[in-house]
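Listing of protein.cif, mmCIF, C-alpha atoms
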data_run
#
loop_
_atom_site.label_atom_id
_atom_site.label_comp_id
_atom_site.auth_asym_id
_atom_site.auth_seq_id
_atom_site.Cartn_x
_atom_site.Cartn_y
_atom_site.Cartn_z
CA MET A 1 46.57 283.95 2.49
CA THR A 2 49.44 283.55 4.94
CA LYS A 3 49.57 280.08 6.40
CA MET A 4 49.63 279.61 10.17
CA THR A 5 52.54 277.76 11.67
CA SER A 6 51.94 274.59 13.65
CA LEU A 7 54.01 272.99 16.37
CA PRO A 8 56.38 270.17 15.55
CA THR A 9 54.90 266.96 16.94
CA ARG A 10 56.69 264.18 18.81
CA SER A 11 56.62 260.45 18.20
CA GLY A 12 56.11 259.51 21.81
CA SER A 13 55.85 260.37 25.47
CA ARG A 14 56.52 258.47 28.63
CA ILE A 15 56.28 258.68 32.40
CA LEU A 16 59.64 259.95 33.58
CA SER A 17 59.10 259.65 37.32
CA VAL A 18 56.57 259.05 40.06
CA GLY A 19 56.14 260.61 43.50
CA ALA A 20 53.89 259.73 46.43
CA ALA A 21 52.43 261.07 49.65
CA ARG A 22 50.06 259.21 51.95
CA GLY A 23 47.95 260.33 54.87
CA ASP A 24 50.23 260.32 57.94
CA ARG A 25 48.18 257.84 59.97
CA LEU A 26 47.27 254.22 59.16
CA VAL A 27 43.77 253.73 60.55
CA PRO A 28 43.10 250.08 61.48
CA ASN A 29 39.75 248.37 60.90
CA GLU A 30 39.11 248.13 64.64
CA GLU A 31 38.65 251.90 64.84
CA LEU A 32 35.84 251.87 62.29
CA VAL A 33 33.83 248.74 63.05
CA GLY A 34 31.70 250.08 65.91
CA PRO A 35 29.30 252.43 64.06
CA ILE A 36 28.84 249.94 61.19
CA ASP A 37 28.31 246.94 63.49
CA SER A 38 31.12 245.09 61.76
CA SER A 39 34.43 243.40 62.51
CA ASP A 40 38.03 243.42 61.38
CA GLU A 41 37.42 240.03 59.73
CA TRP A 42 34.31 241.28 57.87
CA ILE A 43 36.21 244.22 56.38
CA ARG A 44 39.26 242.14 55.48
CA GLN A 45 37.16 239.44 53.85
CA ARG A 46 35.10 241.84 51.75
CA THR A 47 37.77 244.38 50.84
CA GLY A 48 41.25 243.07 51.66
CA ILE A 49 41.86 246.29 53.58
CA ILE A 50 43.86 246.10 56.82
CA THR A 51 44.48 249.84 57.27
CA ARG A 52 43.74 252.99 55.31
CA ALA A 53 46.08 256.01 55.26
CA ARG A 54 44.33 259.13 56.53
CA VAL A 55 45.45 262.63 57.37
CA SER A 56 45.55 263.35 61.10
CA ASP A 57 47.93 266.32 61.13
CA GLY A 58 45.65 268.88 59.51
CA SER A 59 47.22 268.63 56.07
CA GLU A 60 45.01 269.57 53.16
CA ALA A 61 44.85 267.69 49.88
CA VAL A 62 47.04 270.29 48.20
CA ASP A 63 49.75 269.66 50.81
CA LEU A 64 49.81 265.98 49.90
CA ALA A 65 49.84 266.93 46.21
CA GLU A 66 52.82 269.22 46.77
CA THR A 67 54.87 266.51 48.50
CA ALA A 68 54.16 263.96 45.77
CA ALA A 69 54.71 266.47 42.97
CA LYS A 70 58.06 267.67 44.33
CA GLU A 71 59.32 264.09 44.53
CA ALA A 72 58.22 263.40 40.94
CA ILE A 73 59.80 266.63 39.66
CA GLU A 74 63.07 265.92 41.41
CA ARG A 75 63.19 262.33 40.18
CA ALA A 76 62.49 263.50 36.64
CA GLY A 77 65.64 265.58 36.87
CA ILE A 78 63.87 268.78 35.94
CA ASP A 79 63.00 272.03 37.64
CA GLY A 80 59.41 273.07 38.30
CA SER A 81 59.88 275.95 35.87
CA GLN A 82 60.26 273.41 33.05
CA LEU A 83 56.69 272.15 33.43
CA GLY A 84 54.53 273.03 30.44
CA ALA A 85 51.26 272.13 32.15
CA VAL A 86 49.96 270.97 35.53
CA ILE A 87 46.95 268.68 35.71
CA VAL A 88 45.38 267.75 39.04
CA SER A 89 42.79 264.97 39.17
CA THR A 90 40.74 265.28 42.33
CA ILE A 91 37.32 265.39 43.92
CA SER A 92 38.86 266.87 47.07
CA ASN A 93 39.38 270.53 46.22
CA THR A 94 38.14 272.57 49.17
CA VAL A 95 36.49 275.19 46.96
CA GLN A 96 34.61 275.10 43.69
CA THR A 97 37.05 277.63 42.30
CA PRO A 98 39.94 278.41 41.91
CA SER A 99 41.47 275.08 40.96
CA MET A 100 43.86 273.12 43.15
CA ALA A 101 46.14 272.90 40.11
CA ALA A 102 46.75 276.66 40.03
CA LEU A 103 47.83 276.67 43.67
CA LEU A 104 49.99 273.59 43.22
CA THR A 105 51.62 275.13 40.16
CA GLU A 106 52.67 278.11 42.24
CA ARG A 107 53.95 275.89 45.06
CA VAL A 108 56.16 273.78 42.79
CA GLY A 109 57.62 276.79 41.01
CA ALA A 110 55.87 276.13 37.72
CA THR A 111 53.98 279.45 37.36
CA PRO A 112 52.89 280.49 34.69
CA ALA A 113 52.26 276.95 33.39
CA PRO A 114 48.66 276.26 32.36
CA ALA A 115 46.92 274.53 35.26
CA PHE A 116 43.56 272.83 35.63
CA ASP A 117 41.70 270.21 37.64
CA ILE A 118 39.98 267.14 36.26
CA SER A 119 36.84 265.76 37.88
CA ALA A 120 36.86 262.13 36.86
CA ALA A 121 36.92 260.48 40.28
CA CYS A 122 38.81 257.19 40.33
CA ALA A 123 39.55 257.44 36.59
CA GLY A 124 41.00 260.92 37.02
CA TYR A 125 44.65 259.92 36.99
CA ALA A 126 44.25 257.86 33.81
CA TYR A 127 42.38 260.80 32.25
CA GLY A 128 45.28 263.06 33.24
CA VAL A 129 47.87 260.74 31.72
CA ALA A 130 45.82 260.60 28.51
CA GLN A 131 45.90 264.38 28.30
CA ALA A 132 49.56 264.68 29.27
CA ASP A 133 50.47 262.17 26.57
CA ALA A 134 48.51 264.20 24.02
CA LEU A 135 50.02 267.51 25.14
CA VAL A 136 53.57 266.20 24.92
CA ARG A 137 53.13 264.43 21.58
CA SER A 138 51.35 267.41 20.04
CA GLY A 139 54.21 269.68 21.00
CA MET A 140 52.00 271.80 23.28
CA ALA A 141 54.20 270.97 26.27
CA GLU A 142 57.53 269.28 26.90
CA HIS A 143 56.92 268.20 30.47
CA VAL A 144 53.53 267.76 32.13
CA LEU A 145 52.87 267.13 35.81
CA VAL A 146 49.88 264.86 36.50
CA VAL A 147 48.74 264.53 40.10
CA GLY A 148 45.97 262.34 41.47
CA VAL A 149 45.12 263.53 44.97
CA GLU A 150 42.31 262.94 47.45
CA LYS A 151 41.44 263.65 51.03
CA LEU A 152 38.48 261.30 51.12
CA SER A 153 38.38 261.27 54.91
CA GLU A 154 36.49 264.56 54.50
CA ILE A 155 33.54 262.82 52.84
CA VAL A 156 33.14 259.68 54.93
CA ASP A 157 30.16 258.85 57.12
CA PRO A 158 31.17 256.57 60.02
CA THR A 159 27.77 254.82 59.89
CA ASP A 160 27.91 254.08 56.15
CA ARG A 161 28.47 250.43 55.25
CA SER A 162 28.77 250.98 51.48
CA ILE A 163 32.09 252.73 50.93
CA SER A 164 33.28 254.99 53.77
CA PHE A 165 35.40 252.36 55.53
CA LEU A 166 37.38 251.79 52.31
CA LEU A 167 38.53 255.36 51.87
CA GLY A 168 41.92 256.93 52.48
CA ASP A 169 43.94 260.07 51.78
CA GLY A 170 46.94 260.42 49.49
CA ALA A 171 48.55 261.86 46.40
CA GLY A 172 50.47 260.31 43.55
CA ALA A 173 52.26 262.34 40.91
CA VAL A 174 54.01 261.64 37.63
CA VAL A 175 55.97 263.78 35.22
CA VAL A 176 55.27 262.94 31.59
CA GLY A 177 57.90 263.97 29.07
CA PRO A 178 59.15 263.31 25.53
CA SER A 179 60.29 259.88 24.37
CA ASP A 180 61.71 258.60 21.10
CA GLU A 181 59.73 255.38 21.52
CA PRO A 182 56.06 255.31 22.58
CA GLY A 183 55.94 255.02 26.36
CA ILE A 184 52.19 255.57 26.76
CA SER A 185 49.78 253.59 24.62
CA PRO A 186 46.62 255.01 23.03
CA SER A 187 44.22 255.65 25.91
CA VAL A 188 40.95 253.76 26.08
CA TRP A 189 38.63 256.06 27.99
CA GLY A 190 34.96 256.85 28.26
CA SER A 191 31.92 257.45 30.40
CA ASP A 192 28.43 256.10 31.07
CA GLY A 193 26.22 258.71 32.68
CA SER A 194 23.25 256.34 32.69
CA HIS A 195 24.82 255.08 35.93
CA TRP A 196 25.38 258.57 37.34
CA GLU A 197 23.91 257.61 40.72
CA THR A 198 25.75 254.32 41.21
CA ILE A 199 28.54 256.14 43.07
CA ARG A 200 27.24 259.44 44.41
CA MET A 201 27.22 262.12 47.08
CA THR A 202 24.36 261.96 49.60
CA ASN A 203 23.27 265.52 48.85
CA THR A 204 24.21 268.68 47.04
CA LEU A 205 25.98 271.77 48.31
CA GLY A 206 22.70 273.62 47.78
CA SER A 207 20.85 271.26 50.08
CA MET A 208 23.52 271.73 52.71
CA ARG A 209 23.01 275.50 52.50
CA ASP A 210 19.35 274.76 53.19
CA GLY A 211 20.24 272.95 56.40
CA GLN A 212 20.87 269.36 55.32
CA ALA A 213 23.88 267.35 56.39
CA TRP A 214 27.43 267.54 55.06
CA PRO A 215 27.51 265.48 51.83
CA THR A 216 29.25 262.10 52.02
CA LEU A 217 29.97 259.38 49.49
CA ARG A 218 27.85 256.28 48.79
CA GLN A 219 27.94 253.45 46.29
CA ASP A 220 25.84 250.53 45.13
CA GLY A 221 28.56 248.00 45.92
CA PRO A 222 27.44 244.87 44.03
CA THR A 223 26.56 246.90 40.91
CA VAL A 224 29.93 248.64 41.01
CA PHE A 225 31.67 245.29 41.53
CA ARG A 226 30.04 243.78 38.44
CA TRP A 227 30.85 246.80 36.28
CA ALA A 228 34.37 247.20 37.66
CA VAL A 229 35.32 243.61 36.94
CA TRP A 230 33.49 242.35 33.88
CA GLU A 231 32.95 245.59 31.96
CA MET A 232 36.35 247.00 32.87
CA ALA A 233 38.07 243.74 31.91
CA LYS A 234 36.75 244.39 28.39
CA LYS A 235 38.22 247.91 28.45
CA ALA A 236 41.53 246.58 29.76
CA ARG A 237 41.65 244.13 26.85
CA GLU A 238 40.86 247.00 24.47
CA ALA A 239 43.80 248.94 25.90
CA LEU A 240 46.08 245.93 25.36
CA ASP A 241 44.79 245.56 21.80
CA ALA A 242 45.32 249.27 21.12
CA ALA A 243 48.91 248.85 22.28
CA GLY A 244 49.35 245.69 20.21
CA LEU A 245 50.19 243.69 23.34
CA GLU A 246 49.21 240.44 25.04
CA PRO A 247 48.81 239.96 28.81
CA GLY A 248 52.08 238.02 28.83
CA ASP A 249 53.94 241.12 27.60
CA LEU A 250 53.15 242.98 30.82
CA ALA A 251 55.49 243.35 33.76
CA ALA A 252 52.77 244.77 35.98
CA PHE A 253 49.04 245.32 36.34
CA ILE A 254 48.11 248.49 38.23
CA PRO A 255 44.33 248.81 38.50
CA HIS A 256 42.59 251.48 40.56
CA GLN A 257 42.82 250.27 44.16
CA ALA A 258 39.08 250.07 44.80
CA ASN A 259 38.77 246.77 46.62
CA MET A 260 41.04 243.70 46.78
CA ARG A 261 38.18 241.47 45.62
CA ILE A 262 37.84 243.60 42.47
CA ILE A 263 41.59 243.43 41.86
CA ASP A 264 41.67 239.64 42.31
CA GLU A 265 38.66 238.94 40.09
CA PHE A 266 39.86 241.48 37.50
CA ALA A 267 43.25 239.75 37.25
CA LYS A 268 41.48 236.40 36.91
CA GLN A 269 39.29 237.68 34.07
CA LEU A 270 42.35 239.05 32.24
CA LYS A 271 44.09 235.68 32.61
CA LEU A 272 47.31 237.37 33.64
CA PRO A 273 50.27 234.99 33.84
CA ASP A 274 52.03 234.64 37.20
CA SER A 275 54.93 236.68 35.83
CA VAL A 276 52.79 239.85 35.98
CA ALA A 277 53.19 241.78 39.24
CA ILE A 278 49.82 242.92 40.57
CA ALA A 279 49.64 246.15 42.57
CA ARG A 280 47.93 245.64 45.93
CA ASP A 281 48.62 248.91 47.70
CA ILE A 282 45.00 248.95 48.88
CA ALA A 283 45.78 246.55 51.74
CA THR A 284 47.41 249.28 53.78
CA THR A 285 46.58 252.56 51.97
CA GLY A 286 42.88 251.96 51.32
CA ASN A 287 40.97 253.38 48.37
CA THR A 288 42.34 256.83 47.49
CA SER A 289 40.38 257.35 44.26
CA ALA A 290 42.41 259.42 41.77
CA ALA A 291 45.60 258.92 43.78
CA SER A 292 45.46 255.16 43.94
CA ILE A 293 47.16 254.18 40.67
CA PRO A 294 50.27 256.37 40.99
CA LEU A 295 50.51 255.46 44.70
CA ALA A 296 50.33 251.78 43.81
CA MET A 297 52.90 252.29 41.05
CA HIS A 298 55.22 254.06 43.48
CA ARG A 299 54.99 251.21 45.99
CA LEU A 300 55.44 248.55 43.34
CA LEU A 301 58.62 250.22 42.10
CA GLU A 302 59.94 250.60 45.64
CA GLU A 303 59.33 246.93 46.41
CA GLN A 304 60.35 245.61 42.99
CA PRO A 305 62.74 248.13 41.37
CA GLU A 306 63.54 245.61 38.65
CA LEU A 307 60.10 246.37 37.15
CA SER A 308 61.42 249.76 35.98
CA GLY A 309 61.40 249.90 32.18
CA GLY A 310 58.76 247.16 31.98
CA LEU A 311 55.22 247.55 30.67
CA ALA A 312 52.32 248.18 33.05
CA LEU A 313 48.62 248.14 32.29
CA GLN A 314 46.90 250.83 34.36
CA ILE A 315 43.14 251.29 34.52
CA GLY A 316 41.01 253.69 36.53
CA PHE A 317 37.24 253.44 36.92
CA GLY A 318 34.69 255.10 39.13
CA ALA A 319 31.97 257.64 39.74
CA GLY A 320 30.38 258.99 36.57
CA LEU A 321 30.64 256.26 35.64
CA VAL A 322 33.97 256.92 33.94
CA TYR A 323 36.99 254.84 33.01
CA GLY A 324 40.43 255.25 31.48
CA ALA A 325 43.16 252.73 30.64
CA GLN A 326 46.55 252.71 29.01
CA VAL A 327 49.75 250.69 28.93
CA VAL A 328 52.78 252.63 30.14
CA VAL A 329 56.50 252.00 30.37
CA LEU A 330 57.30 252.09 34.07
CA PRO A 331 59.71 254.88 35.04
CA MET B 1 18.15 223.99 24.54
CA ALA B 2 16.44 224.97 27.76
CA PHE B 3 17.82 223.69 31.06
CA THR B 4 15.45 221.86 33.42
CA LYS B 5 15.08 223.04 37.00
CA ASP B 6 17.17 220.10 38.18
CA GLU B 7 19.93 220.99 35.74
CA VAL B 8 19.87 224.64 36.82
CA LEU B 9 20.06 223.61 40.49
CA ALA B 10 23.00 221.30 39.81
CA GLY B 11 24.79 223.93 37.71
CA LEU B 12 24.15 226.62 40.30
CA ALA B 13 25.51 224.37 43.04
CA ASP B 14 28.71 223.97 41.04
CA LEU B 15 29.04 227.75 40.65
CA VAL B 16 28.45 228.30 44.37
CA ASN B 17 31.07 225.65 45.11
CA ASP B 18 33.59 227.26 42.73
CA GLU B 19 33.16 230.67 44.33
CA THR B 20 32.83 229.80 48.00
CA GLY B 21 33.89 226.18 48.52
CA ILE B 22 30.44 225.29 49.91
CA ALA B 23 29.69 221.60 49.21
CA THR B 24 27.28 221.23 46.27
CA GLU B 25 24.91 219.01 48.31
CA ASN B 26 24.37 221.91 50.71
CA VAL B 27 23.04 224.11 47.93
CA GLN B 28 19.37 223.20 48.38
CA LEU B 29 16.28 224.97 47.10
CA GLU B 30 15.06 226.29 50.44
CA LYS B 31 18.46 227.70 51.46
CA SER B 32 18.92 231.47 51.69
CA PHE B 33 22.08 232.69 50.00
CA THR B 34 22.91 235.12 52.77
CA ASP B 35 21.40 233.63 55.93
CA ASP B 36 22.03 229.91 55.35
CA LEU B 37 24.95 229.80 52.93
CA ASP B 38 26.66 232.97 54.24
CA ILE B 39 27.38 234.24 50.72
CA ASP B 40 28.30 237.95 50.66
CA SER B 41 27.13 240.42 48.02
CA ILE B 42 30.37 240.32 46.04
CA SER B 43 30.42 236.52 45.85
CA MET B 44 26.73 236.60 44.95
CA MET B 45 27.47 238.91 42.04
CA THR B 46 30.28 236.64 40.85
CA ILE B 47 27.91 233.66 40.95
CA VAL B 48 25.27 235.66 39.05
CA VAL B 49 27.68 236.67 36.27
CA ASN B 50 28.92 233.09 35.94
CA ALA B 51 25.31 231.83 35.91
CA GLU B 52 24.48 234.25 33.09
CA GLU B 53 27.24 232.70 31.03
CA LYS B 54 26.48 229.11 31.98
CA PHE B 55 22.74 229.29 31.33
CA ASP B 56 22.78 231.98 28.62
CA VAL B 57 20.41 234.32 30.46
CA LYS B 58 20.51 237.94 31.59
CA ILE B 59 20.12 238.70 35.29
CA PRO B 60 19.95 242.50 35.74
CA ASP B 61 21.43 244.08 38.88
CA ASP B 62 17.94 245.06 40.05
CA GLU B 63 16.87 241.40 40.00
CA VAL B 64 19.83 240.13 41.99
CA LYS B 65 18.51 241.52 45.26
CA ASN B 66 15.26 239.57 44.72
CA LEU B 67 17.14 236.28 44.52
CA LYS B 68 17.04 235.52 48.21
CA THR B 69 16.90 231.72 48.10
CA VAL B 70 18.33 229.09 45.79
CA GLN B 71 14.72 228.45 44.71
CA ASP B 72 14.40 232.12 43.66
CA ALA B 73 17.50 231.82 41.49
CA VAL B 74 16.45 228.51 39.92
CA ASP B 75 12.99 229.92 39.13
CA TYR B 76 14.39 233.13 37.68
CA ILE B 77 16.95 231.37 35.48
CA THR B 78 14.51 228.78 34.14
CA GLY B 79 11.94 231.53 33.49
CA ALA B 80 14.47 233.76 31.76
CA GLN B 81 15.56 231.13 29.27
CA ALA B 82 14.53 231.94 25.72
#
Step by step, read the file and then write its structure as structure tokens.
Amino acid sequence: MTKMTSLPTRSGSRILSVGAARGDRLVPNEELVGPIDSSDEWIRQRTGIITRARVSDGSEAVDLAETAAKEAIERAGIDGSQLGAVIVSTISNTVQTPSMAALLTERVGATPAPAFDISAACAGYAYGVAQADALVRSGMAEHVLVVGVEKLSEIVDPTDRSISFLLGDGAGAVVVGPSDEPGISPSVWGSDGSHWETIRMTNTLGSMRDGQAWPTLRQDGPTVFRWAVWEMAKKAREALDAAGLEPGDLAAFIPHQANMRIIDEFAKQLKLPDSVAIARDIATTGNTSAASIPLAMHRLLEEQPELSGGLALQIGFGAGLVYGAQVVVLP
Amino acid sequence: MAFTKDEVLAGLADLVNDETGIATENVQLEKSFTDDLDIDSISMMTIVVNAEEKFDVKIPDDEVKNLKTVQDAVDYITGAQA
């Protein structure tokens, strides 16, 4: 029997570049405290958030994705036509189908690249990087665009005290390409659907058709906090182990920007030395779910360009529950 | 070895102090975590996780909301000890 040919594989992949787009308006706490009977101090103390970036100019999520993606493509020194796949991680697509990725692929000049969306909430970007790494190393693609994008201001309830006041809009994009040395460690990723309702929508699209309210997001805050810190610290250590690294080897720690208290306690549990830069983009951008890690990476590299080439531990975690972590060489 | 109620109270007071800076002598049995000690839900969860480790007990998320006073926590922890 004639043998099938297989693709030549590659030894490694890495993030070549990162791009970012944030909602055009920074919404201060004062604007949100009325309906939740709260205060600027209360929000700052519990979340570390001073403002959240939200869209006020009518942009859709795909517009943010396009801006971030074009920056990443340009910085990677490639043309959109060189992309071998486009992966969009989002819970903000305006329709159930077609995917946001297909539209974005057309807008960045990457048609006919394979394009698909990932629904893995705040872990979506890490899931996308895991897949991009696999696609590049397997030889299936040379360059892969991964975009985390959300317009969470569409699913906030001004009277909700659990999560709405945390949420922002933005997009972060990376181009993953070939590397002689490993630039993305083995991904540690997974799910736990026994906690499916811990972070959830208030109702289904079907119930809305039957006259109920527009669905908005809710979470069981303390339960999420415990899981996000102590369970995710274990996964972060697994990712370091899988990479054969110690916390002291890291240049940066870029966790999902869920809440400053989670970031602080997480860093404490990991016993990160002071030499490790910790991403704290949440203070002004808010929680942008799938977009938060690449946005935080983008800011970190703007503020501390010397981190480029260093190792960063990135970990996303959120509704599902789902999580994904890997160590990456910073572009 | 099981901890006595006095030992649990003293240990709990240390954990509250570590997390919030509240003086240990103010952590008294009748005090409410939220109303009297002004401990928010995130700090409460941190104290709970540290108490699990210190006293070698499990305190499920569903139980945490029932721990309204220091007395509730001391009773739960002493009762949960193997």
Residues of chain B within 10 Å of chain A, all atoms listed in the file counted, as JSON, numbers by chain: {"B": [40, 41, 42, 43, 44, 45, 46, 48, 49, 60, 61, 62, 64, 65]}
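The two atoms in question, atom CA of A:Lys235 and atom CA of A:Val188, are spaced 6.9 Å apart.
When atom CA of A:Pro178 is paired with atom CA of A:Ile315, their separation reads 21.9 Å.
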Neighbours of point (49.3, 261.0, 36.7) within 12 Å, using all atoms listed in the file, written as a PyMOL selection string: chain A and resi 14-20+65+68-69+72+86-90+117-118+122-133+144-149+171-177+184+290-298+314-316+324-326+328
Result set of the PyMOL selection byres ((chain B and resi 6) around 12) on the coordinates above, as JSON, numbers by chain: {"B": [2, 3, 4, 5, 7, 8, 9, 10, 11, 12, 13, 28, 29, 70, 71, 74, 75, 77, 78]}
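Residues matched by the PyMOL selection byres ((chain A and resi 167) around 8) in this file are Arg52, Leu152, Ser153, Val156, Ile163, Ser164, Phe165, Leu166, Gly168, Asp169, Gly286, Asn287 and Thr288 of chain A.
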Applied to the shown file, which residues does the PyMOL selection byres ((chain A and resi 9) around 7) return, written as an mmCIF file with C-alpha atoms, in the frame of the given file?
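Output below, filename expr.cif:
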data_model
loop_
_atom_site.group_PDB
_atom_site.id
_atom_site.type_symbol
_atom_site.label_atom_id
_atom_site.label_comp_id
_atom_site.auth_asym_id
_atom_site.auth_seq_id
_atom_site.Cartn_x
_atom_site.Cartn_y
_atom_site.Cartn_z
ATOM 1 C CA LEU A 7 54.010 272.990 16.370
ATOM 2 C CA PRO A 8 56.380 270.170 15.550
ATOM 3 C CA ARG A 10 56.690 264.180 18.810
ATOM 4 C CA SER A 11 56.620 260.450 18.200
ATOM 5 C CA ARG A 137 53.130 264.430 21.580
ATOM 6 C CA SER A 138 51.350 267.410 20.040
ATOM 7 C CA GLY A 139 54.210 269.680 21.000
#
Draw an axis-aligned box tight on the listed atoms of stretch 11-30 of chain B, then pad every side by 3 Å and write out centre and edge lengths in Å to one decimal as JSON.
{"center_x": 24.5, "center_y": 224.8, "center_z": 44.2, "size_x": 24.8, "size_y": 17.7, "size_z": 19.0}
Separation of atom CA of A:Met260 from atom CA of B:Asn17 in Å: 20.7 Å
Show which residues sit within 10 Å of B:Ile22, as a CSV table (one decimal) with C-alpha atoms, in the coordinates of the input. Count only C-alpha atoms, and ignore same-chain residues fewer than 4 positions away.
chain,number,residue,atom,x,y,z
B,13,ALA,CA,25.5,224.4,43.0
B,14,ASP,CA,28.7,224.0,41.0
B,15,LEU,CA,29.0,227.8,40.6
B,16,VAL,CA,28.4,228.3,44.4
B,17,ASN,CA,31.1,225.6,45.1
B,18,ASP,CA,33.6,227.3,42.7
B,26,ASN,CA,24.4,221.9,50.7
B,27,VAL,CA,23.0,224.1,47.9
B,37,LEU,CA,25.0,229.8,52.9
B,38,ASP,CA,26.7,233.0,54.2
B,39,ILE,CA,27.4,234.2,50.7
Written-out stretch 15-66 of chain B (C-alpha atoms) as a PDB file, in the first residue's frame:
ATOM      1  CA  LEU B  15      -4.866  34.456  60.924  1.00  0.00           C
ATOM      2  CA  VAL B  16      -7.273  37.400  61.055  1.00  0.00           C
ATOM      3  CA  ASN B  17      -4.401  39.615  62.192  1.00  0.00           C
ATOM      4  CA  ASP B  18      -2.144  38.383  59.360  1.00  0.00           C
ATOM      5  CA  GLU B  19      -4.781  39.094  56.727  1.00  0.00           C
ATOM      6  CA  THR B  20      -6.315  42.322  57.986  1.00  0.00           C
ATOM      7  CA  GLY B  21      -4.073  43.792  60.688  1.00  0.00           C
ATOM      8  CA  ILE B  22      -6.918  43.631  63.229  1.00  0.00           C
ATOM      9  CA  ALA B  23      -5.464  43.235  66.751  1.00  0.00           C
ATOM     10  CA  THR B  24      -5.767  39.631  67.968  1.00  0.00           C
ATOM     11  CA  GLU B  25      -7.481  40.718  71.219  1.00  0.00           C
ATOM     12  CA  ASN B  26     -10.329  42.162  69.162  1.00  0.00           C
ATOM     13  CA  VAL B  27     -11.081  38.780  67.626  1.00  0.00           C
ATOM     14  CA  GLN B  28     -13.649  37.697  70.211  1.00  0.00           C
ATOM     15  CA  LEU B  29     -16.224  34.929  70.026  1.00  0.00           C
ATOM     16  CA  GLU B  30     -19.293  37.136  69.752  1.00  0.00           C
ATOM     17  CA  LYS B  31     -17.840  39.329  66.989  1.00  0.00           C
ATOM     18  CA  SER B  32     -19.333  39.165  63.501  1.00  0.00           C
ATOM     19  CA  PHE B  33     -16.720  38.890  60.765  1.00  0.00           C
ATOM     20  CA  THR B  34     -18.485  41.343  58.495  1.00  0.00           C
ATOM     21  CA  ASP B  35     -20.400  43.689  60.802  1.00  0.00           C
ATOM     22  CA  ASP B  36     -17.931  44.011  63.707  1.00  0.00           C
ATOM     23  CA  LEU B  37     -14.554  43.186  62.190  1.00  0.00           C
ATOM     24  CA  ASP B  38     -15.326  44.617  58.715  1.00  0.00           C
ATOM     25  CA  ILE B  39     -13.744  41.641  56.948  1.00  0.00           C
ATOM     26  CA  ASP B  40     -14.731  41.432  53.259  1.00  0.00           C
ATOM     27  CA  SER B  41     -15.551  38.212  51.424  1.00  0.00           C
ATOM     28  CA  ILE B  42     -12.139  37.911  49.791  1.00  0.00           C
ATOM     29  CA  SER B  43     -10.260  38.337  53.066  1.00  0.00           C
ATOM     30  CA  MET B  44     -12.680  35.892  54.677  1.00  0.00           C
ATOM     31  CA  MET B  45     -11.848  33.300  52.037  1.00  0.00           C
ATOM     32  CA  THR B  46      -8.121  33.834  52.577  1.00  0.00           C
ATOM     33  CA  ILE B  47      -8.590  33.327  56.319  1.00  0.00           C
ATOM     34  CA  VAL B  48     -10.649  30.176  55.664  1.00  0.00           C
ATOM     35  CA  VAL B  49      -8.013  28.635  53.380  1.00  0.00           C
ATOM     36  CA  ASN B  50      -5.259  29.431  55.886  1.00  0.00           C
ATOM     37  CA  ALA B  51      -7.403  28.000  58.709  1.00  0.00           C
ATOM     38  CA  GLU B  52      -7.853  24.772  56.738  1.00  0.00           C
ATOM     39  CA  GLU B  53      -4.103  24.404  56.590  1.00  0.00           C
ATOM     40  CA  LYS B  54      -3.454  25.449  60.178  1.00  0.00           C
ATOM     41  CA  PHE B  55      -6.080  23.198  61.745  1.00  0.00           C
ATOM     42  CA  ASP B  56      -6.042  20.408  59.134  1.00  0.00           C
ATOM     43  CA  VAL B  57      -9.775  20.637  58.384  1.00  0.00           C
ATOM     44  CA  LYS B  58     -11.887  21.127  55.273  1.00  0.00           C
ATOM     45  CA  ILE B  59     -14.230  24.114  55.128  1.00  0.00           C
ATOM     46  CA  PRO B  60     -16.321  23.856  51.935  1.00  0.00           C
ATOM     47  CA  ASP B  61     -17.370  27.054  50.131  1.00  0.00           C
ATOM     48  CA  ASP B  62     -21.009  26.397  51.036  1.00  0.00           C
ATOM     49  CA  GLU B  63     -20.108  26.422  54.747  1.00  0.00           C
ATOM     50  CA  VAL B  64     -18.185  29.687  54.616  1.00  0.00           C
ATOM     51  CA  LYS B  65     -21.338  31.787  54.337  1.00  0.00           C
ATOM     52  CA  ASN B  66     -22.651  30.165  57.536  1.00  0.00           C
TER      53      ASN B  66
END
